[in-house]
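Here is the structure we will look at.
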Amino acid sequence: MKLVSFTVCPYVQRAVFALEEKGARYDVQFIDLERKPEWFLALSPRGKVPILVLDDGTVLFESQAICEYLDETLGEPLASRDPARRARERAWFAFSGEDLFGPLYQLEVAKTTDEVDARCQTLTKALARVEREMDGRTWLSGDGTAFGLADVAMLPAFTRLAHHRERDGLDLIADLPAVAAWSARLLARPAAARSTPPTWEQDLRAMMARHGSVLEAAPTGA
């Protein structure tokens with residue numbers, strides 16, 4: 001299998017996390033999303049990463065679809081067998097993408113401190129909702145006792161939140177003990193460390209700088 005990737009894309013990170021959790025054998029090809037190659041546009045129906053090219057040439061797109069395919073075809077399934085719980089796990093893919101990944105990107109490219117404050121408020125509100133979900137749970141997936149697909153869906157948000165806590169002094173989960181504990185468990189998984197390339201932080205800060213990010217312009221830990 002070959003995964004077509006962009007180094008700082010959270011949706012790609014989901015797919016890599018799933019590949020690593022499943023112990024899959026795969027190659028990665030990085031592209032520049034500002035200069036998308038024609039071969040990529042010919043393969044990707046939406047012109048977005050990730051895409052996963054299977055050995056027979058089949059092209060899968062959308063990170064949720066890729067994660068579900070990997071779960072269904074490799075190893076023990078992570079998805080719940082209960083239909084309602086499985087549907088709930090799918091729903092967290094949408095929540096993380098719309099309520100966390102989007103505002104996190106807007107935070108990273110914010111050009112003023114007022115914009116940073118607004119994005120932090122948006123994220124804090126969404127994370128407070130997750131805090132209520134995590135009450136009495138170890139994991140977000142299934143019945144809360146075992147790691148699963150909902151946790152895969154959410155990991156990239158916590159990779160970024162940890163980065164901005166350490167680099168920019170923004171700790172958005174300090175007052176959310178259940179989320180903070182869950183985040184620590186997620187980030188401690190060996191596959192989580194392998195879900196981003198070695199240049200991830202450097203590439204993220206370069207992207208922020210290109211967009212005139214006030215966070216990137218501020219002193220480290222400000």
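Order determines the names: the first chain of the structure tokens is A, the second B, and so forth; residues in each chain are numbered 1 upward, and ligands are numbered 1 upward as they are shown.
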### Selection: 9 Å around segment 144-159 of chain A, only C-alpha atoms, excl. self and same-chain fewer than 2 positions, as a PyMOL selection string
chain A and resi 9-11+13-15+17-18+63-64+67-68+71+77-80+86+88-97+100-101+104+134+136-142+161-164+183-184+186-187+192+195
### Message
Taking only segment 3-126 of chain A into account, list the residues labelled strand (DSSP E) by DSSP (computed from the backbone), as a PyMOL selection string.
### Response
chain A and resi 3-5+27-30+51-53+59-61
### Query
segment 41-46 of chain A: which residues within 10 Å, counting only C-alpha atoms, same-chain residues fewer than 3 positions away excluded, as a PyMOL selection string?
chain A and resi 4+36-38+49-53+57-62
Output N, CA, C and O atoms of each residue in that selection to a file, as a JSON list (two decimals), in the first residue's frame.
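In the end it all went to part-v3.json:
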[["chain", "number", "residue", "atom", "x", "y", "z"],
["A", 4, "VAL", "N", -0.48, 8.63, 0.24],
["A", 4, "VAL", "CA", -0.04, 9.93, -0.26],
["A", 4, "VAL", "C", -0.37, 10.96, 0.81],
["A", 4, "VAL", "O", -1.51, 11.04, 1.29],
["A", 36, "LYS", "N", 0.09, 20.83, -6.23],
["A", 36, "LYS", "CA", -0.37, 19.45, -6.35],
["A", 36, "LYS", "C", 0.01, 18.87, -7.71],
["A", 36, "LYS", "O", -0.33, 19.45, -8.75],
["A", 37, "PRO", "N", 0.70, 17.74, -7.72],
["A", 37, "PRO", "CA", 1.08, 17.14, -9.01],
["A", 37, "PRO", "C", -0.14, 16.60, -9.76],
["A", 37, "PRO", "O", -1.14, 16.21, -9.15],
["A", 38, "GLU", "N", -0.03, 16.57, -11.05],
["A", 38, "GLU", "CA", -1.14, 16.14, -11.88],
["A", 38, "GLU", "C", -1.52, 14.69, -11.60],
["A", 38, "GLU", "O", -2.71, 14.33, -11.62],
["A", 49, "VAL", "N", -5.54, 15.17, 0.57],
["A", 49, "VAL", "CA", -4.88, 14.04, 1.21],
["A", 49, "VAL", "C", -5.65, 13.71, 2.48],
["A", 49, "VAL", "O", -6.31, 14.58, 3.06],
["A", 50, "PRO", "N", -5.54, 12.44, 2.95],
["A", 50, "PRO", "CA", -4.76, 11.37, 2.37],
["A", 50, "PRO", "C", -5.52, 10.62, 1.28],
["A", 50, "PRO", "O", -6.75, 10.66, 1.24],
["A", 51, "ILE", "N", -4.75, 9.95, 0.43],
["A", 51, "ILE", "CA", -5.30, 8.86, -0.36],
["A", 51, "ILE", "C", -4.44, 7.64, -0.09],
["A", 51, "ILE", "O", -3.24, 7.76, 0.19],
["A", 52, "LEU", "N", -5.07, 6.48, -0.14],
["A", 52, "LEU", "CA", -4.36, 5.22, 0.06],
["A", 52, "LEU", "C", -4.51, 4.42, -1.23],
["A", 52, "LEU", "O", -5.63, 4.12, -1.65],
["A", 53, "VAL", "N", -3.38, 4.11, -1.85],
["A", 53, "VAL", "CA", -3.38, 3.33, -3.09],
["A", 53, "VAL", "C", -3.07, 1.89, -2.73],
["A", 53, "VAL", "O", -1.99, 1.58, -2.22],
["A", 57, "GLY", "N", -4.12, -1.22, -7.14],
["A", 57, "GLY", "CA", -4.37, 0.05, -7.79],
["A", 57, "GLY", "C", -5.61, 0.78, -7.33],
["A", 57, "GLY", "O", -5.83, 1.93, -7.72],
["A", 58, "THR", "N", -6.44, 0.15, -6.52],
["A", 58, "THR", "CA", -7.63, 0.81, -5.99],
["A", 58, "THR", "C", -7.22, 2.01, -5.14],
["A", 58, "THR", "O", -6.30, 1.92, -4.32],
["A", 59, "VAL", "N", -7.90, 3.12, -5.33],
["A", 59, "VAL", "CA", -7.59, 4.34, -4.59],
["A", 59, "VAL", "C", -8.69, 4.62, -3.57],
["A", 59, "VAL", "O", -9.86, 4.75, -3.93],
["A", 60, "LEU", "N", -8.32, 4.69, -2.32],
["A", 60, "LEU", "CA", -9.25, 5.06, -1.26],
["A", 60, "LEU", "C", -8.97, 6.50, -0.84],
["A", 60, "LEU", "O", -7.81, 6.92, -0.75],
["A", 61, "PHE", "N", -10.03, 7.27, -0.60],
["A", 61, "PHE", "CA", -9.87, 8.64, -0.16],
["A", 61, "PHE", "C", -10.77, 8.90, 1.03],
["A", 61, "PHE", "O", -11.68, 8.12, 1.31],
["A", 62, "GLU", "N", -10.48, 9.98, 1.74],
["A", 62, "GLU", "CA", -11.13, 10.37, 3.00],
["A", 62, "GLU", "C", -10.57, 9.52, 4.15],
["A", 62, "GLU", "O", -10.63, 8.29, 4.14]]
### Message
Could you pull out the alpha helix (DSSP H) residues of segment 62-135 of chain A, going by DSSP on the backbone, and write them as a ChimeraX atom specification?
### Response
/A:63-73,83-95,102-108,113-133
### Query
Interatomic distance between atom CA of Asp143 of chain A and atom CA of Ala180 of chain A?
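Going from atom CA of Asp143 of chain A over to atom CA of Ala180 of chain A covers 19.0 Å.
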#### Entry: Selection near segment 73-75 of chain A, 9 Å with only C-alpha atoms, sequence-local residues under 3 positions removed, as an MDAnalysis selection string
chainID A and resid 22:24 68:70 78
Next, dump the selected residues to file, keeping only all heavy atoms, as an mmCIF file, in the first residue's frame.
data_model
loop_
_atom_site.group_PDB
_atom_site.id
_atom_site.type_symbol
_atom_site.label_atom_id
_atom_site.label_comp_id
_atom_site.auth_asym_id
_atom_site.auth_seq_id
_atom_site.Cartn_x
_atom_site.Cartn_y
_atom_site.Cartn_z
ATOM 1 N N LYS A 22 -2.234 -1.021 13.325
ATOM 2 C CA LYS A 22 -2.506 -2.307 12.694
ATOM 3 C C LYS A 22 -1.240 -3.044 12.280
ATOM 4 O O LYS A 22 -1.309 -4.186 11.798
ATOM 5 C CB LYS A 22 -3.401 -2.099 11.469
ATOM 6 C CG LYS A 22 -4.818 -1.664 11.810
ATOM 7 C CD LYS A 22 -5.584 -2.810 12.447
ATOM 8 C CE LYS A 22 -7.027 -2.454 12.715
ATOM 9 N NZ LYS A 22 -7.823 -3.632 13.121
ATOM 10 N N GLY A 23 -0.087 -2.414 12.441
ATOM 11 C CA GLY A 23 1.161 -3.056 12.041
ATOM 12 C C GLY A 23 1.255 -3.283 10.543
ATOM 13 O O GLY A 23 1.881 -4.255 10.081
ATOM 14 N N ALA A 24 0.655 -2.383 9.766
ATOM 15 C CA ALA A 24 0.602 -2.556 8.314
ATOM 16 C C ALA A 24 1.946 -2.229 7.669
ATOM 17 O O ALA A 24 2.733 -1.420 8.171
ATOM 18 C CB ALA A 24 -0.480 -1.650 7.728
ATOM 19 N N GLU A 68 -11.488 2.955 8.421
ATOM 20 C CA GLU A 68 -12.453 1.858 8.523
ATOM 21 C C GLU A 68 -12.025 0.684 7.644
ATOM 22 O O GLU A 68 -12.170 -0.481 8.045
ATOM 23 C CB GLU A 68 -13.840 2.347 8.158
ATOM 24 C CG GLU A 68 -14.421 3.301 9.191
ATOM 25 C CD GLU A 68 -15.879 3.655 8.922
ATOM 26 O OE1 GLU A 68 -16.475 3.091 7.988
ATOM 27 O OE2 GLU A 68 -16.419 4.495 9.668
ATOM 28 N N TYR A 69 -11.493 0.955 6.463
ATOM 29 C CA TYR A 69 -11.002 -0.127 5.596
ATOM 30 C C TYR A 69 -9.876 -0.893 6.296
ATOM 31 O O TYR A 69 -9.874 -2.130 6.328
ATOM 32 C CB TYR A 69 -10.501 0.441 4.270
ATOM 33 C CG TYR A 69 -9.710 -0.557 3.471
ATOM 34 C CD1 TYR A 69 -10.344 -1.537 2.711
ATOM 35 C CD2 TYR A 69 -8.316 -0.553 3.498
ATOM 36 C CE1 TYR A 69 -9.618 -2.475 1.990
ATOM 37 C CE2 TYR A 69 -7.581 -1.483 2.785
ATOM 38 C CZ TYR A 69 -8.239 -2.445 2.032
ATOM 39 O OH TYR A 69 -7.506 -3.381 1.333
ATOM 40 N N LEU A 70 -8.925 -0.159 6.848
ATOM 41 C CA LEU A 70 -7.809 -0.813 7.535
ATOM 42 C C LEU A 70 -8.307 -1.645 8.709
ATOM 43 O O LEU A 70 -7.819 -2.752 8.960
ATOM 44 C CB LEU A 70 -6.810 0.240 8.013
ATOM 45 C CG LEU A 70 -6.087 1.028 6.913
ATOM 46 C CD1 LEU A 70 -5.316 2.188 7.518
ATOM 47 C CD2 LEU A 70 -5.159 0.119 6.115
ATOM 48 N N LEU A 78 -10.928 -2.720 15.682
ATOM 49 C CA LEU A 78 -10.999 -1.703 16.723
ATOM 50 C C LEU A 78 -12.423 -1.184 16.887
ATOM 51 O O LEU A 78 -12.781 -0.684 17.947
ATOM 52 C CB LEU A 78 -10.070 -0.527 16.383
ATOM 53 C CG LEU A 78 -8.576 -0.825 16.335
ATOM 54 C CD1 LEU A 78 -7.816 0.385 15.816
ATOM 55 C CD2 LEU A 78 -8.059 -1.232 17.710
#
